[in-house]
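Asker: Can you read through this structure? Questions will come right after.
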Number of protein chains: 2
Amino acid sequence: MLNSTSLIAEARTKLEGYLLKKGLRRSSERFAILEEVYSRDDHFDAEELYQAMHQRSFAVSRATVYNTLEVLVDCHLVRKNQFGDEDNTKSRFEKSLGRQQHAHLICVNCHRVMEFCDPRLQLIKTTVGNTLQFHVESHSLVFYGECSDEACVARTKAAAENAAMQ
Amino acid sequence: MLNSTSLIAEARTKLEGYLLKKGLRRSSERFAILEEVYSRDDHFDAEELYQAMHQRSFAVSRATVYNTLEVLVDCHLVRKNQFGDEDNTKSRFEKSLGRQQHAHLICVNCHRVMEFCDPRLQLIKTTVGNTLQFHVESHSLVFYGECSDEACVARTKAAAENAAMQ
DNA sequence: CTAGCTGCAAACGGTTTGCACAACG
DNA sequence: CGTTGTGCAAACCGTTTGCAGCTAG
């Protein structure tokens with residue numbers, strides 16, 4: 001029953017409740033951005049979201065994109081990730097409603113993002129909290145390596161040979 | 001036997017070997033920066049290293065700090081971390097020789113950095129590599145939460161009460 | 001000598017901010 | 001209507017880059 005449509009509806013309801021509780025305004029921009037976020041299944045950055053909003057002909061400013069993403073992160077409808085790969089600096093976002101927290105795998109060659117769940121991470125979290133008297137709220141686990149996508153492997157191999165020639 | 005002095009000596013030797021192998025120059029700046037890095041035990045950013053070099057009256061430019069840090073990361077004498085805490089964007093570095101890879105705990109209140117090792121992470125790494133046909137090269141595990149340092153707890157509590165009053 | 005390094009300052013790119021105008025409640 | 005949100009462009013800040021000396025090899 002958790003198909004895409006009902007997920008968006010649930011997200012909209014949750015955002016509405018959060019805005020009311022916090023005394024924030026239910027502006028059309030905020031809901032339009034939520035809609036866009038929940039229509040995608042990837043890990044996007046702020047600029048990609050900005051561009052997508054323009055293509056969907058609901059033009060919002062970059063400032064509003066950043067502002068709204070912060071709101072959505074605060075009410076746990078969106079997760080913000082800082083993958084330390086090539087694009088060092090920028091954050092990437094993903095919807096979070098109905099999705100358990102997971103680890104990310106980043107291909108250092110093609111920057112593909114994959115996801116992976118492992119219950120042992122939960123155990124580590126508990127151990128570390130107890131050992132160091134630290135109240136763990138959230139975590140980020142990222143693996144860096146090489147994916148096995150054919151095109152990526154071929155491209156990387158070619159690049160390596162090219163480099164060796166010099 | 002692995003006291004601080006011998007660690008620095010070992011690091012210097014390793015850097016020298018790496019520079020020779022790669023045909024890079026053994027400039028005094030590079031060794032001076034290595035020295036500073038191995039004299040500290042914290043997680044520092046580029047600017048802090050730059051400032052420390054100036055206080056140690058071996059003034060180098062920011063460009064050289066960044067350049068040298070990259071060299072040191074390449075030859076595995078330094079680890080580069082992107083903690084996604086408040087200081088969103090900047091990288092933090094730590095010496096790596098003779099230290100096993102570890103997870104980091106970041107206090108969301110005082111930004112203290114702690115370290116923690118757990119062998120189960122290795123197991124997850126193996127599983128994830130096999131499951132997704134992904135050749136894992138490295139990883140980053142960061143826990144965010146609240147530390148139990150007295151001063152931090154007190155400060156956070158005061159801030160919360162202050163916020164509630166408005 | 002001369003390729004590679006350093007220093008400086010300007011450029012860069014993602015994000016934040018200040019301010020004028022618009023619109024939710 | 002008063003307060004909050006939005007849009008725009010400028011500011012910010014960590015990092016990178018271009019270029020003119022400098023220096024290790």
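The chains in the structure tokens are called A, B, ... from first to last as shown; in each chain the residues are counted from 1, and the ligands are counted from 1 in the order shown.
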Can you list every residue of chain D that has an atom at most 12 Å from chain B, with its nearest atom pair and the distance in Å to one decimal, using only C-alpha atoms (C1' of nucleotides), ordered by chain then number, as JSON lines?

Answerer:
```
{"residue": "D:DC13", "atom": "C1'", "partner": "B:Thr89", "partner_atom": "CA", "distance": 8.9}
{"residue": "D:DG14", "atom": "C1'", "partner": "B:Lys90", "partner_atom": "CA", "distance": 6.0}
{"residue": "D:DT15", "atom": "C1'", "partner": "B:Tyr66", "partner_atom": "CA", "distance": 8.2}
{"residue": "D:DT16", "atom": "C1'", "partner": "B:Ala63", "partner_atom": "CA", "distance": 8.6}
{"residue": "D:DT17", "atom": "C1'", "partner": "B:Ala63", "partner_atom": "CA", "distance": 9.7}
{"residue": "D:DC22", "atom": "C1'", "partner": "B:Ser27", "partner_atom": "CA", "distance": 11.9}
{"residue": "D:DT23", "atom": "C1'", "partner": "B:Ser27", "partner_atom": "CA", "distance": 8.7}
{"residue": "D:DA24", "atom": "C1'", "partner": "B:Arg25", "partner_atom": "CA", "distance": 6.5}
{"residue": "D:DG25", "atom": "C1'", "partner": "B:Arg25", "partner_atom": "CA", "distance": 8.2}
```

Asker: Write the selection just made, keeping C-alpha atoms (C1' of nucleotides), as a short mmCIF file (atom, residue, chain, number, x, y, z; two decimals), in the first residue's frame?

Answerer:
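Result file is again_20.cif:
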```cif
data_model
loop_
_atom_site.label_atom_id
_atom_site.label_comp_id
_atom_site.auth_asym_id
_atom_site.auth_seq_id
_atom_site.Cartn_x
_atom_site.Cartn_y
_atom_site.Cartn_z
"C1'" DC D 13 34.12 30.84 2.72
"C1'" DG D 14 36.78 26.82 1.76
"C1'" DT D 15 39.32 25.48 -2.00
"C1'" DT D 16 41.54 25.81 -6.61
"C1'" DT D 17 44.08 28.08 -10.19
"C1'" DC D 22 62.48 30.40 -6.94
"C1'" DT D 23 64.92 25.97 -6.22
"C1'" DA D 24 65.87 21.10 -6.05
"C1'" DG D 25 67.97 17.77 -8.94
#
```

Asker: Stretch 39-42 of chain A: which residues within 8 Å, counting only C-alpha atoms (C1' of nucleotides), same-chain residues fewer than 4 positions away excluded, as a list in words?

Answerer: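 My list of contacting residues is Ser4, Ile8, Glu35, Glu94 and Lys95 of chain A.
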
Asker: May I have the selected residues written with N, CA and C atoms, as a PDB file, in the first residue's frame?

Answerer:
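Written file, out25.pdb:
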```pdb
ATOM      1  N   SER A   4       3.850   5.126  -4.531  1.00  0.00           N
ATOM      2  CA  SER A   4       4.375   6.482  -4.637  1.00  0.00           C
ATOM      3  C   SER A   4       3.323   7.540  -4.311  1.00  0.00           C
ATOM      4  N   ILE A   8       3.505  10.339  -1.167  1.00  0.00           N
ATOM      5  CA  ILE A   8       3.477  11.796  -1.325  1.00  0.00           C
ATOM      6  C   ILE A   8       2.385  12.393  -0.452  1.00  0.00           C
ATOM      7  N   GLU A  35       6.765  17.925  -3.386  1.00  0.00           N
ATOM      8  CA  GLU A  35       6.240  17.084  -4.468  1.00  0.00           C
ATOM      9  C   GLU A  35       7.386  16.609  -5.364  1.00  0.00           C
ATOM     10  N   GLU A  94      17.913  13.147  -0.300  1.00  0.00           N
ATOM     11  CA  GLU A  94      17.025  12.059  -0.699  1.00  0.00           C
ATOM     12  C   GLU A  94      15.799  12.082   0.194  1.00  0.00           C
ATOM     13  N   LYS A  95      14.692  11.613  -0.324  1.00  0.00           N
ATOM     14  CA  LYS A  95      13.483  11.523   0.506  1.00  0.00           C
ATOM     15  C   LYS A  95      13.727  10.475   1.575  1.00  0.00           C
TER      16      LYS A  95
END
```

Asker: Return as a list in words the residues belonging to chain C that are within 10 Å of chain B, counting only C-alpha atoms (C1' of nucleotides).

Answerer: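 That gives DG4, DC5, DT6, DG7, DC8, DG14 and DT15 of chain C for chain C.
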
Asker: Enumerate, as a PyMOL selection string, the complete set of residues in chain B that a backbone-based DSSP assignment places in strand (DSSP E).

Answerer: chain B and resi 78-81+92-95+103-107+113-116+135-146

Asker: Counting only C-alpha atoms, give me one row per residue of chain A with an atom at most 6 Å from an atom of chain B, showing the shortest contact pair and its distance in Å to one decimal, sorted by chain then residue number, as JSON lines.

Answerer:
```
{"residue": "A:Gln82", "atom": "CA", "partner": "B:Gly84", "partner_atom": "CA", "distance": 5.7}
{"residue": "A:Gly84", "atom": "CA", "partner": "B:Gln82", "partner_atom": "CA", "distance": 5.7}
{"residue": "A:Thr89", "atom": "CA", "partner": "B:Thr89", "partner_atom": "CA", "distance": 5.4}
{"residue": "A:Phe134", "atom": "CA", "partner": "B:Cys147", "partner_atom": "CA", "distance": 4.7}
{"residue": "A:His135", "atom": "CA", "partner": "B:Glu146", "partner_atom": "CA", "distance": 5.0}
{"residue": "A:Val136", "atom": "CA", "partner": "B:Gly145", "partner_atom": "CA", "distance": 4.3}
{"residue": "A:Glu137", "atom": "CA", "partner": "B:Gly145", "partner_atom": "CA", "distance": 4.7}
{"residue": "A:Ser138", "atom": "CA", "partner": "B:Tyr144", "partner_atom": "CA", "distance": 5.2}
{"residue": "A:His139", "atom": "CA", "partner": "B:Phe143", "partner_atom": "CA", "distance": 4.2}
{"residue": "A:Ser140", "atom": "CA", "partner": "B:Val142", "partner_atom": "CA", "distance": 5.2}
{"residue": "A:Leu141", "atom": "CA", "partner": "B:Leu141", "partner_atom": "CA", "distance": 4.4}
{"residue": "A:Val142", "atom": "CA", "partner": "B:Ser140", "partner_atom": "CA", "distance": 5.2}
{"residue": "A:Phe143", "atom": "CA", "partner": "B:His139", "partner_atom": "CA", "distance": 4.2}
{"residue": "A:Tyr144", "atom": "CA", "partner": "B:Ser138", "partner_atom": "CA", "distance": 5.2}
{"residue": "A:Gly145", "atom": "CA", "partner": "B:Val136", "partner_atom": "CA", "distance": 4.2}
{"residue": "A:Glu146", "atom": "CA", "partner": "B:His135", "partner_atom": "CA", "distance": 5.0}
{"residue": "A:Cys147", "atom": "CA", "partner": "B:Phe134", "partner_atom": "CA", "distance": 4.7}
```

Asker: Once you have the residues from the selection above, write them out as a compact mmCIF listing (two decimals), in the first residue's frame, restricted to C-alpha atoms.

Answerer:
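Listed below is the output, selection36.txt:
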```
# COMPACT_ATOMS: atom_id res chain seq x y z
CA GLN A 82 27.69 14.89 2.47
CA GLY A 84 33.11 13.05 0.40
CA THR A 89 31.66 20.30 -1.17
CA PHE A 134 27.54 9.22 23.73
CA HIS A 135 23.92 9.59 22.78
CA VAL A 136 23.89 8.66 19.09
CA GLU A 137 21.19 10.41 17.08
CA SER A 138 22.13 9.55 13.54
CA HIS A 139 24.97 8.23 11.48
CA SER A 140 26.52 8.27 8.05
CA LEU A 141 28.26 5.26 6.58
CA VAL A 142 29.80 5.60 3.15
CA PHE A 143 31.88 3.05 1.27
CA TYR A 144 34.14 4.23 -1.53
CA GLY A 145 35.28 1.87 -4.22
CA GLU A 146 34.82 0.68 -7.77
CA CYS A 147 31.48 -0.50 -9.06
```

Asker: Quick one: pick out all alpha helix (DSSP H) residues within chain B from a backbone DSSP run and write them as a count of residues only.

Answerer: 82

Asker: Contacts of B:Ser96 at 8 Å or less, counting only C-alpha atoms (C1' of nucleotides), minus same-chain residues fewer than 2 places along, as a PyMOL selection string?

Answerer: chain B and resi 76-79+94+98-101

Asker: If I take atom CA of B:His43 and atom CA of B:Phe93, how far is one from the other in Å, to one decimal?

Answerer: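 Computed distance, atom CA of B:His43 to atom CA of B:Phe93, equals 5.3 Å.
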